[in-house]
Amino acid sequence: MQRYYPIMLSLEHSRCVVVGGGALGERRTGGLLEAGAEVLLVCPEIVSARLREWKEAGAIRHLPKPFSPDDLTGAALVVAATGADELNGWICDEAKRRGIPANSASDGSRGSFIVPAVVRRGGLLLTVSTSGAGPAWSARIAGELKARYGPEYAELTKRLGDVRLRVLAEVDEASERRRLMHAAVTDQAVETWLSMTELPDTEALVAMLRCWADEA
């Protein structure tokens, strides 16, 4: 089994090439769009209805042609999703020769990275991988995480980001900031954040965190 180094990439406004206009291309394109990437789709024909919708809406660019290595110019990332293993492998080889991260949607071992199962709740991003050994197992665990962490965790994550910014601005000592932020993610704190319509003012917020931290 291959070993992988987990990493979160910032692809905002980066050119990402997806080769393949079917269901695999649709899934990979959707994930890239969620990450804010600029997607160039390369394929003679778009089969996926959703890919056609994204093209018509101007969300992606489409080159209606077979893939050629020149299509990789300026790419930050490449996904080979043609449905043909050998073609996907060749595309990945061409990308890797140019130092571009590449993923084969049909055989992860041919690329330089694999795509985990993902649960996205706003800024909260939960990923599961079995290092390519069992995608169905990854999907099952991701489904369990999706049920455990519902849509409300998107707002909770945003709120915790606001709490952190206020603590950073209000508290000078690094060890005290860490103590308060640990208090901000206890079960009691999470329940409180979810029940609030908005955060209290900064002074009251910090006092609340200190009270929770002292009780821990």
# chains A, B, ... in the order shown; residues from 1 in each chain; ligands from 1

$ closest_atom_pairs --of "segment 44-129 of chain A" --to "segment 22-27 of chain A" --cutoff "9 Å" --atoms "only C-alpha atoms" --output "CSV"
residue,atom,partner,partner_atom,distance
A:Glu45,CA,A:Gly22,CA,8.9
A:Ile46,CA,A:Gly22,CA,6.6
A:Val47,CA,A:Gly22,CA,5.1
A:Ser48,CA,A:Gly22,CA,5.0
A:Ala49,CA,A:Gly22,CA,8.8
A:Arg50,CA,A:Glu26,CA,7.0
A:Leu51,CA,A:Glu26,CA,5.9
A:Val79,CA,A:Gly25,CA,8.0
A:Ala80,CA,A:Gly25,CA,8.0
A:Ala81,CA,A:Gly25,CA,5.2
A:Thr82,CA,A:Gly25,CA,7.4
A:Gly83,CA,A:Leu24,CA,7.5
A:Ala105,CA,A:Leu24,CA,6.7
A:Ser106,CA,A:Leu24,CA,8.5

$ write_last_selection --atoms "C-alpha atoms" --output "PDB file, in the first residue's frame"
ATOM      1  CA  GLU A  45     -17.878  15.883 -25.680  1.00  0.00           C
ATOM      2  CA  ILE A  46     -19.522  16.665 -22.344  1.00  0.00           C
ATOM      3  CA  VAL A  47     -21.674  13.734 -21.236  1.00  0.00           C
ATOM      4  CA  SER A  48     -22.611  14.942 -17.746  1.00  0.00           C
ATOM      5  CA  ALA A  49     -25.671  17.193 -17.611  1.00  0.00           C
ATOM      6  CA  ARG A  50     -24.261  19.064 -14.621  1.00  0.00           C
ATOM      7  CA  LEU A  51     -20.989  19.756 -16.410  1.00  0.00           C
ATOM      8  CA  VAL A  79      -7.307  15.413 -12.783  1.00  0.00           C
ATOM      9  CA  ALA A  80      -7.459  12.575 -15.313  1.00  0.00           C
ATOM     10  CA  ALA A  81     -11.068  11.359 -15.348  1.00  0.00           C
ATOM     11  CA  THR A  82     -11.523   9.898 -18.813  1.00  0.00           C
ATOM     12  CA  GLY A  83     -12.695   6.455 -17.703  1.00  0.00           C
ATOM     13  CA  ALA A 105      -9.778   9.086 -10.970  1.00  0.00           C
ATOM     14  CA  SER A 106      -9.599   5.428 -12.032  1.00  0.00           C
TER      15      SER A 106
END

$ atom_distance --atom1 "atom CA of Val78 of chain A" --atom2 "atom CA of Arg140 of chain A"
26.4 Å

$ closest_residue --among "A:Gly134, A:Pro116, A:Pro66, A:Pro200" --to "Val163 of chain A" --atoms "only C-alpha atoms"
A:Pro200

$ residues_around --residues "Ala59 of chain A" --least-positions-apart "5" --cutoff "9 Å" --atoms "only C-alpha atoms" --output "ChimeraX atom specification"
/A:33,38-39,53-54

$ residues_around --residues "Val119 of chain A" --least-positions-apart "3" --cutoff "7 Å" --atoms "only C-alpha atoms" --output "ChimeraX atom specification"
/A:125-127,142,146

$ residues_around --residues "Asp70 of chain A" --least-positions-apart "2" --cutoff "12 Å" --atoms "only C-alpha atoms" --output "ChimeraX atom specification"
/A:17,42,63,66-68,72-75,91,94-95,98

$ write_last_selection --atoms "N, CA and C atoms" --output "PDB file, in the first residue's frame"
ATOM      1  N   VAL A  17      -6.957  21.628 -14.377  1.00  0.00           N
ATOM      2  CA  VAL A  17      -7.398  20.953 -15.604  1.00  0.00           C
ATOM      3  C   VAL A  17      -8.055  19.627 -15.249  1.00  0.00           C
ATOM      4  N   VAL A  42     -11.282  19.489 -20.358  1.00  0.00           N
ATOM      5  CA  VAL A  42     -10.798  19.075 -21.675  1.00  0.00           C
ATOM      6  C   VAL A  42     -11.433  17.742 -22.035  1.00  0.00           C
ATOM      7  N   LEU A  63     -12.614  22.969 -23.383  1.00  0.00           N
ATOM      8  CA  LEU A  63     -11.922  22.779 -24.653  1.00  0.00           C
ATOM      9  C   LEU A  63     -12.477  21.514 -25.295  1.00  0.00           C
ATOM     10  N   PRO A  66      -9.637  16.268 -27.863  1.00  0.00           N
ATOM     11  CA  PRO A  66      -8.887  15.295 -27.074  1.00  0.00           C
ATOM     12  C   PRO A  66      -7.754  15.987 -26.313  1.00  0.00           C
ATOM     13  N   PHE A  67      -7.351  15.385 -25.215  1.00  0.00           N
ATOM     14  CA  PHE A  67      -6.270  15.954 -24.404  1.00  0.00           C
ATOM     15  C   PHE A  67      -4.947  15.953 -25.156  1.00  0.00           C
ATOM     16  N   SER A  68      -4.175  17.024 -24.972  1.00  0.00           N
ATOM     17  CA  SER A  68      -2.788  17.060 -25.428  1.00  0.00           C
ATOM     18  C   SER A  68      -1.957  17.668 -24.305  1.00  0.00           C
ATOM     19  N   LEU A  72      -1.744  21.410 -20.383  1.00  0.00           N
ATOM     20  CA  LEU A  72      -1.286  21.507 -19.001  1.00  0.00           C
ATOM     21  C   LEU A  72      -0.591  22.836 -18.696  1.00  0.00           C
ATOM     22  N   THR A  73      -0.357  23.642 -19.720  1.00  0.00           N
ATOM     23  CA  THR A  73       0.352  24.907 -19.518  1.00  0.00           C
ATOM     24  C   THR A  73      -0.374  25.787 -18.493  1.00  0.00           C
ATOM     25  N   GLY A  74       0.352  26.176 -17.458  1.00  0.00           N
ATOM     26  CA  GLY A  74      -0.210  27.062 -16.442  1.00  0.00           C
ATOM     27  C   GLY A  74      -1.079  26.391 -15.408  1.00  0.00           C
ATOM     28  N   ALA A  75      -1.182  25.064 -15.467  1.00  0.00           N
ATOM     29  CA  ALA A  75      -2.061  24.351 -14.529  1.00  0.00           C
ATOM     30  C   ALA A  75      -1.397  24.201 -13.164  1.00  0.00           C
ATOM     31  N   ILE A  91      -1.839  10.777 -18.919  1.00  0.00           N
ATOM     32  CA  ILE A  91      -2.062  12.182 -18.551  1.00  0.00           C
ATOM     33  C   ILE A  91      -1.326  12.508 -17.254  1.00  0.00           C
ATOM     34  N   GLU A  94       2.415  12.791 -17.841  1.00  0.00           N
ATOM     35  CA  GLU A  94       2.757  14.068 -18.474  1.00  0.00           C
ATOM     36  C   GLU A  94       2.728  15.209 -17.457  1.00  0.00           C
ATOM     37  N   ALA A  95       1.754  15.180 -16.572  1.00  0.00           N
ATOM     38  CA  ALA A  95       1.660  16.227 -15.541  1.00  0.00           C
ATOM     39  C   ALA A  95       2.837  16.142 -14.573  1.00  0.00           C
ATOM     40  N   ARG A  98       6.035  17.587 -15.578  1.00  0.00           N
ATOM     41  CA  ARG A  98       6.062  19.048 -15.519  1.00  0.00           C
ATOM     42  C   ARG A  98       5.984  19.576 -14.084  1.00  0.00           C
TER      43      ARG A  98
END

$ atom_distance --atom1 "atom CA of Arg177 of chain A" --atom2 "atom CA of Ala154 of chain A"
23.1 Å

$ select_by_dssp --residues "segment 4-159 of chain A" --states "strand (DSSP E)" --output "ChimeraX atom specification"
/A:15-19,38-42,60-63,77-80,102-104,117-121,124-128

$ residues_around --residues "segment 9-14 of chain A" --least-positions-apart "6" --cutoff "7 Å" --atoms "only C-alpha atoms" --output "MDAnalysis selection string"
chainID A and resid 35:38 76

$ select_by_dssp --residues "segment 53-165 of chain A" --states "alpha helix (DSSP H)" --output "MDAnalysis selection string"
chainID A and resid 53:56 85:97 135:148 152:165

$ write_last_selection --atoms "N, CA and C atoms" --output "tab-separated table (two decimals), in the first residue's frame"
chain	number	residue	atom	x	y	z
A	53	GLU	N	-24.31	22.25	-17.54
A	53	GLU	CA	-24.90	23.39	-16.83
A	53	GLU	C	-23.82	24.35	-16.35
A	54	TRP	N	-22.75	23.79	-15.79
A	54	TRP	CA	-21.65	24.65	-15.31
A	54	TRP	C	-21.00	25.41	-16.47
A	55	LYS	N	-20.87	24.73	-17.61
A	55	LYS	CA	-20.30	25.40	-18.78
A	55	LYS	C	-21.20	26.54	-19.25
A	56	GLU	N	-22.50	26.26	-19.35
A	56	GLU	CA	-23.44	27.28	-19.82
A	56	GLU	C	-23.52	28.46	-18.87
A	85	ASP	N	-8.17	3.71	-18.13
A	85	ASP	CA	-7.03	3.64	-17.21
A	85	ASP	C	-5.72	4.07	-17.85
A	86	GLU	N	-5.41	3.55	-19.03
A	86	GLU	CA	-4.12	3.86	-19.65
A	86	GLU	C	-4.03	5.32	-20.03
A	87	LEU	N	-5.10	5.88	-20.54
A	87	LEU	CA	-5.11	7.30	-20.90
A	87	LEU	C	-4.94	8.15	-19.65
A	88	ASN	N	-5.66	7.80	-18.59
A	88	ASN	CA	-5.50	8.54	-17.33
A	88	ASN	C	-4.06	8.47	-16.83
A	89	GLY	N	-3.46	7.29	-16.92
A	89	GLY	CA	-2.08	7.14	-16.48
A	89	GLY	C	-1.12	7.99	-17.28
A	90	TRP	N	-1.32	8.03	-18.61
A	90	TRP	CA	-0.46	8.85	-19.48
A	90	TRP	C	-0.60	10.33	-19.14
A	91	ILE	N	-1.84	10.78	-18.92
A	91	ILE	CA	-2.06	12.18	-18.55
A	91	ILE	C	-1.33	12.51	-17.25
A	92	CYS	N	-1.42	11.62	-16.27
A	92	CYS	CA	-0.74	11.84	-15.00
A	92	CYS	C	0.78	11.86	-15.18
A	93	ASP	N	1.29	10.98	-16.01
A	93	ASP	CA	2.74	10.95	-16.28
A	93	ASP	C	3.19	12.28	-16.89
A	94	GLU	N	2.41	12.79	-17.84
A	94	GLU	CA	2.76	14.07	-18.47
A	94	GLU	C	2.73	15.21	-17.46
A	95	ALA	N	1.75	15.18	-16.57
A	95	ALA	CA	1.66	16.23	-15.54
A	95	ALA	C	2.84	16.14	-14.57
A	96	LYS	N	3.14	14.93	-14.12
A	96	LYS	CA	4.23	14.77	-13.16
A	96	LYS	C	5.57	15.18	-13.75
A	97	ARG	N	5.75	14.95	-15.05
A	97	ARG	CA	6.99	15.38	-15.71
A	97	ARG	C	7.15	16.89	-15.65
A	135	PRO	N	-12.01	2.65	-1.25
A	135	PRO	CA	-12.83	3.85	-1.39
A	135	PRO	C	-14.24	3.70	-0.80
A	136	ALA	N	-14.82	2.52	-0.89
A	136	ALA	CA	-16.16	2.31	-0.34
A	136	ALA	C	-16.14	2.44	1.19
A	137	TRP	N	-15.05	2.00	1.79
A	137	TRP	CA	-14.91	2.13	3.25
A	137	TRP	C	-14.79	3.59	3.64
A	138	SER	N	-14.01	4.35	2.86
A	138	SER	CA	-13.90	5.79	3.08
A	138	SER	C	-15.27	6.46	2.98
A	139	ALA	N	-16.03	6.07	1.95
A	139	ALA	CA	-17.35	6.67	1.74
A	139	ALA	C	-18.29	6.35	2.90
A	140	ARG	N	-18.21	5.12	3.42
A	140	ARG	CA	-19.08	4.75	4.55
A	140	ARG	C	-18.75	5.60	5.78
A	141	ILE	N	-17.47	5.74	6.08
A	141	ILE	CA	-17.07	6.53	7.25
A	141	ILE	C	-17.46	7.99	7.05
A	142	ALA	N	-17.28	8.50	5.83
A	142	ALA	CA	-17.68	9.88	5.55
A	142	ALA	C	-19.18	10.06	5.75
A	143	GLY	N	-19.97	9.05	5.39
A	143	GLY	CA	-21.41	9.12	5.61
A	143	GLY	C	-21.74	9.19	7.09
A	144	GLU	N	-21.00	8.46	7.91
A	144	GLU	CA	-21.21	8.51	9.36
A	144	GLU	C	-20.85	9.90	9.91
A	145	LEU	N	-19.77	10.48	9.40
A	145	LEU	CA	-19.38	11.83	9.82
A	145	LEU	C	-20.42	12.86	9.39
A	146	LYS	N	-20.97	12.67	8.19
A	146	LYS	CA	-21.99	13.59	7.68
A	146	LYS	C	-23.21	13.60	8.58
A	147	ALA	N	-23.59	12.40	9.08
A	147	ALA	CA	-24.74	12.31	9.99
A	147	ALA	C	-24.41	12.92	11.35
A	148	ARG	N	-23.16	12.74	11.79
A	148	ARG	CA	-22.75	13.23	13.11
A	148	ARG	C	-22.60	14.75	13.12
A	152	GLU	N	-25.54	22.56	10.91
A	152	GLU	CA	-25.32	23.60	11.92
A	152	GLU	C	-23.85	23.82	12.23
A	153	TYR	N	-23.02	22.84	11.88
A	153	TYR	CA	-21.58	22.97	12.16
A	153	TYR	C	-20.91	23.98	11.23
A	154	ALA	N	-21.55	24.33	10.12
A	154	ALA	CA	-21.00	25.40	9.28
A	154	ALA	C	-21.04	26.72	10.03
A	155	GLU	N	-22.18	27.03	10.64
A	155	GLU	CA	-22.30	28.26	11.42
A	155	GLU	C	-21.44	28.20	12.67
A	156	LEU	N	-21.36	27.03	13.30
A	156	LEU	CA	-20.54	26.88	14.49
A	156	LEU	C	-19.07	27.16	14.17
A	157	THR	N	-18.59	26.63	13.06
A	157	THR	CA	-17.21	26.86	12.66
A	157	THR	C	-16.94	28.33	12.41
A	158	LYS	N	-17.87	29.00	11.74
A	158	LYS	CA	-17.73	30.44	11.50
A	158	LYS	C	-17.69	31.20	12.83
A	159	ARG	N	-18.55	30.80	13.74
A	159	ARG	CA	-18.61	31.46	15.04
A	159	ARG	C	-17.31	31.28	15.83
A	160	LEU	N	-16.77	30.07	15.78
A	160	LEU	CA	-15.50	29.82	16.46
A	160	LEU	C	-14.37	30.63	15.84
A	161	GLY	N	-14.44	30.85	14.54
A	161	GLY	CA	-13.45	31.72	13.90
A	161	GLY	C	-13.54	33.13	14.44
A	162	ASP	N	-14.77	33.63	14.66
A	162	ASP	CA	-14.96	34.96	15.23
A	162	ASP	C	-14.44	35.01	16.67
A	163	VAL	N	-14.70	33.94	17.43
A	163	VAL	CA	-14.21	33.87	18.81
A	163	VAL	C	-12.69	33.95	18.82
A	164	ARG	N	-12.05	33.21	17.96
A	164	ARG	CA	-10.57	33.20	17.91
A	164	ARG	C	-10.02	34.58	17.59
A	165	LEU	N	-10.62	35.26	16.61
A	165	LEU	CA	-10.15	36.59	16.26
A	165	LEU	C	-10.27	37.56	17.43

$ residues_around --residues "Arg178 of chain A" --least-positions-apart "5" --cutoff "12 Å" --atoms "only C-alpha atoms" --output "MDAnalysis selection string"
chainID A and resid 164 167:168 171:173 183:185 209:210 213

$ write_last_selection --atoms "all heavy atoms" --output "CSV table (one decimal), in the first residue's frame"
chain,number,residue,atom,x,y,z
A,164,ARG,N,-12.0,33.2,18.0
A,164,ARG,CA,-10.6,33.2,17.9
A,164,ARG,C,-10.0,34.6,17.6
A,164,ARG,O,-9.0,35.0,18.2
A,164,ARG,CB,-10.1,32.2,16.9
A,164,ARG,CG,-8.6,32.1,16.7
A,164,ARG,CD,-8.2,31.0,15.8
A,164,ARG,NE,-6.8,30.9,15.6
A,164,ARG,CZ,-6.1,31.6,14.7
A,164,ARG,NH1,-6.7,32.4,13.8
A,164,ARG,NH2,-4.8,31.5,14.6
A,167,VAL,N,-10.3,36.8,20.7
A,167,VAL,CA,-9.3,36.4,21.7
A,167,VAL,C,-7.9,36.8,21.3
A,167,VAL,O,-7.2,37.4,22.1
A,167,VAL,CB,-9.3,34.8,21.9
A,167,VAL,CG1,-8.1,34.4,22.8
A,167,VAL,CG2,-10.6,34.4,22.6
A,168,LEU,N,-7.6,36.7,20.0
A,168,LEU,CA,-6.3,37.2,19.6
A,168,LEU,C,-6.1,38.7,19.7
A,168,LEU,O,-5.0,39.1,20.1
A,168,LEU,CB,-6.1,36.8,18.1
A,168,LEU,CG,-5.8,35.3,17.8
A,168,LEU,CD1,-5.9,35.1,16.2
A,168,LEU,CD2,-4.5,34.8,18.3
A,171,VAL,N,-6.4,39.3,24.1
A,171,VAL,CA,-5.5,38.6,25.1
A,171,VAL,C,-4.1,38.6,24.5
A,171,VAL,O,-3.8,38.0,23.4
A,171,VAL,CB,-6.0,37.2,25.4
A,171,VAL,CG1,-5.1,36.5,26.4
A,171,VAL,CG2,-7.4,37.2,25.9
A,172,ASP,N,-3.1,39.2,25.2
A,172,ASP,CA,-1.7,39.3,24.8
A,172,ASP,C,-0.9,38.0,25.0
A,172,ASP,O,-0.1,37.6,24.1
A,172,ASP,CB,-1.0,40.4,25.5
A,172,ASP,CG,-1.6,41.8,25.1
A,172,ASP,OD1,-2.1,41.9,23.9
A,172,ASP,OD2,-1.6,42.7,25.9
A,173,GLU,N,-1.1,37.3,26.1
A,173,GLU,CA,-0.3,36.2,26.4
A,173,GLU,C,-0.7,34.9,25.6
A,173,GLU,O,-1.9,34.5,25.7
A,173,GLU,CB,-0.4,35.9,27.9
A,173,GLU,CG,0.6,34.8,28.4
A,173,GLU,CD,0.5,34.6,29.9
A,173,GLU,OE1,-0.2,35.4,30.6
A,173,GLU,OE2,1.0,33.6,30.4
A,183,ALA,N,-11.0,26.1,26.0
A,183,ALA,CA,-12.3,26.2,26.6
A,183,ALA,C,-13.4,26.5,25.6
A,183,ALA,O,-14.6,26.1,25.8
A,183,ALA,CB,-12.2,27.3,27.7
A,184,ALA,N,-13.1,27.1,24.5
A,184,ALA,CA,-14.1,27.5,23.5
A,184,ALA,C,-14.6,26.3,22.7
A,184,ALA,O,-15.7,26.4,22.0
A,184,ALA,CB,-13.5,28.5,22.5
A,185,VAL,N,-14.0,25.1,22.8
A,185,VAL,CA,-14.4,23.9,22.1
A,185,VAL,C,-14.8,22.8,23.0
A,185,VAL,O,-15.0,21.7,22.5
A,185,VAL,CB,-13.3,23.5,21.1
A,185,VAL,CG1,-13.1,24.6,20.0
A,185,VAL,CG2,-12.0,23.2,21.8
A,209,LEU,N,-15.2,32.8,28.6
A,209,LEU,CA,-14.2,31.8,28.3
A,209,LEU,C,-13.3,31.5,29.5
A,209,LEU,O,-13.0,30.4,29.8
A,209,LEU,CB,-13.4,32.2,27.1
A,209,LEU,CG,-14.0,32.2,25.7
A,209,LEU,CD1,-13.1,32.9,24.7
A,209,LEU,CD2,-14.4,30.8,25.3
A,210,ARG,N,-13.0,32.6,30.2
A,210,ARG,CA,-12.1,32.4,31.4
A,210,ARG,C,-12.9,31.6,32.5
A,210,ARG,O,-12.3,30.8,33.2
A,210,ARG,CB,-11.7,33.8,31.9
A,210,ARG,CG,-10.6,34.4,31.1
A,210,ARG,CD,-9.9,35.6,31.8
A,210,ARG,NE,-8.7,35.9,31.1
A,210,ARG,CZ,-8.5,37.1,30.5
A,210,ARG,NH1,-9.4,38.1,30.6
A,210,ARG,NH2,-7.4,37.4,29.9
A,213,ALA,N,-12.7,28.0,31.4
A,213,ALA,CA,-11.4,27.5,31.5
A,213,ALA,C,-11.0,27.2,32.9
A,213,ALA,O,-10.4,26.2,33.3
A,213,ALA,CB,-10.4,28.5,30.9

$ closest_residue --among "A:Arg52, A:Asp187, A:Gly99, A:Asp107" --to "Ala84 of chain A" --atoms "only C-alpha atoms"
A:Asp107

$ atom_distance --atom1 "atom CA of Leu41 of chain A" --atom2 "atom CA of Ala57 of chain A"
13.9 Å

$ closest_residue --among "A:Ala174, A:Leu124, A:Val18, A:Leu199" --to "Tyr149 of chain A" --atoms "only C-alpha atoms"
A:Leu124

$ decode --residues "segment 104-114 of chain A" --atoms "all heavy atoms" --output "short mmCIF file (atom, residue, chain, number, x, y, z; two decimals), in the first residue's frame"
data_model
loop_
_atom_site.label_atom_id
_atom_site.label_comp_id
_atom_site.auth_asym_id
_atom_site.auth_seq_id
_atom_site.Cartn_x
_atom_site.Cartn_y
_atom_site.Cartn_z
N SER A 104 -5.37 10.44 -10.86
CA SER A 104 -6.10 9.57 -11.77
C SER A 104 -7.37 9.11 -11.06
O SER A 104 -7.29 8.46 -10.02
CB SER A 104 -5.26 8.35 -12.18
OG SER A 104 -6.07 7.40 -12.84
N ALA A 105 -8.52 9.44 -11.62
CA ALA A 105 -9.78 9.09 -10.97
C ALA A 105 -10.05 7.59 -11.02
O ALA A 105 -10.86 7.08 -10.25
CB ALA A 105 -10.93 9.84 -11.64
N SER A 106 -9.35 6.86 -11.90
CA SER A 106 -9.60 5.43 -12.03
C SER A 106 -8.57 4.58 -11.30
O SER A 106 -8.86 3.46 -10.90
CB SER A 106 -9.63 5.03 -13.51
OG SER A 106 -8.41 5.36 -14.14
N ASP A 107 -7.35 5.09 -11.12
CA ASP A 107 -6.29 4.34 -10.46
C ASP A 107 -5.38 5.33 -9.74
O ASP A 107 -4.47 5.90 -10.35
CB ASP A 107 -5.50 3.51 -11.48
CG ASP A 107 -4.36 2.71 -10.85
OD1 ASP A 107 -4.24 2.74 -9.60
OD2 ASP A 107 -3.60 2.08 -11.59
N GLY A 108 -5.63 5.52 -8.46
CA GLY A 108 -4.91 6.53 -7.70
C GLY A 108 -3.42 6.35 -7.69
O GLY A 108 -2.66 7.33 -7.59
N SER A 109 -2.94 5.11 -7.85
CA SER A 109 -1.50 4.85 -7.79
C SER A 109 -0.76 5.45 -8.99
O SER A 109 0.46 5.63 -8.93
CB SER A 109 -1.24 3.34 -7.74
OG SER A 109 -1.64 2.71 -8.94
N ARG A 110 -1.47 5.78 -10.07
CA ARG A 110 -0.81 6.36 -11.25
C ARG A 110 -0.54 7.85 -11.08
O ARG A 110 0.29 8.41 -11.79
CB ARG A 110 -1.66 6.14 -12.50
CG ARG A 110 -1.79 4.71 -12.95
CD ARG A 110 -0.46 4.11 -13.37
NE ARG A 110 0.15 4.82 -14.49
CZ ARG A 110 -0.05 4.52 -15.77
NH1 ARG A 110 -0.87 3.51 -16.08
NH2 ARG A 110 0.56 5.18 -16.73
N GLY A 111 -1.25 8.50 -10.16
CA GLY A 111 -1.05 9.92 -9.96
C GLY A 111 -0.12 10.22 -8.80
O GLY A 111 0.48 9.32 -8.20
N SER A 112 0.00 11.51 -8.47
CA SER A 112 0.84 11.92 -7.34
C SER A 112 0.02 12.22 -6.10
O SER A 112 0.57 12.48 -5.04
CB SER A 112 1.66 13.17 -7.73
OG SER A 112 0.82 14.19 -8.25
N PHE A 113 -1.32 12.19 -6.22
CA PHE A 113 -2.16 12.34 -5.04
C PHE A 113 -3.49 11.63 -5.28
O PHE A 113 -3.85 11.34 -6.42
CB PHE A 113 -2.40 13.82 -4.70
CG PHE A 113 -3.34 14.54 -5.64
CD1 PHE A 113 -4.69 14.65 -5.37
CD2 PHE A 113 -2.86 15.12 -6.81
CE1 PHE A 113 -5.55 15.33 -6.23
CE2 PHE A 113 -3.70 15.80 -7.68
CZ PHE A 113 -5.05 15.90 -7.38
N ILE A 114 -4.18 11.31 -4.18
CA ILE A 114 -5.51 10.74 -4.27
C ILE A 114 -6.49 11.70 -3.61
O ILE A 114 -6.10 12.55 -2.81
CB ILE A 114 -5.59 9.34 -3.61
CG1 ILE A 114 -5.14 9.40 -2.15
CG2 ILE A 114 -4.78 8.33 -4.40
CD1 ILE A 114 -5.27 8.08 -1.40
#
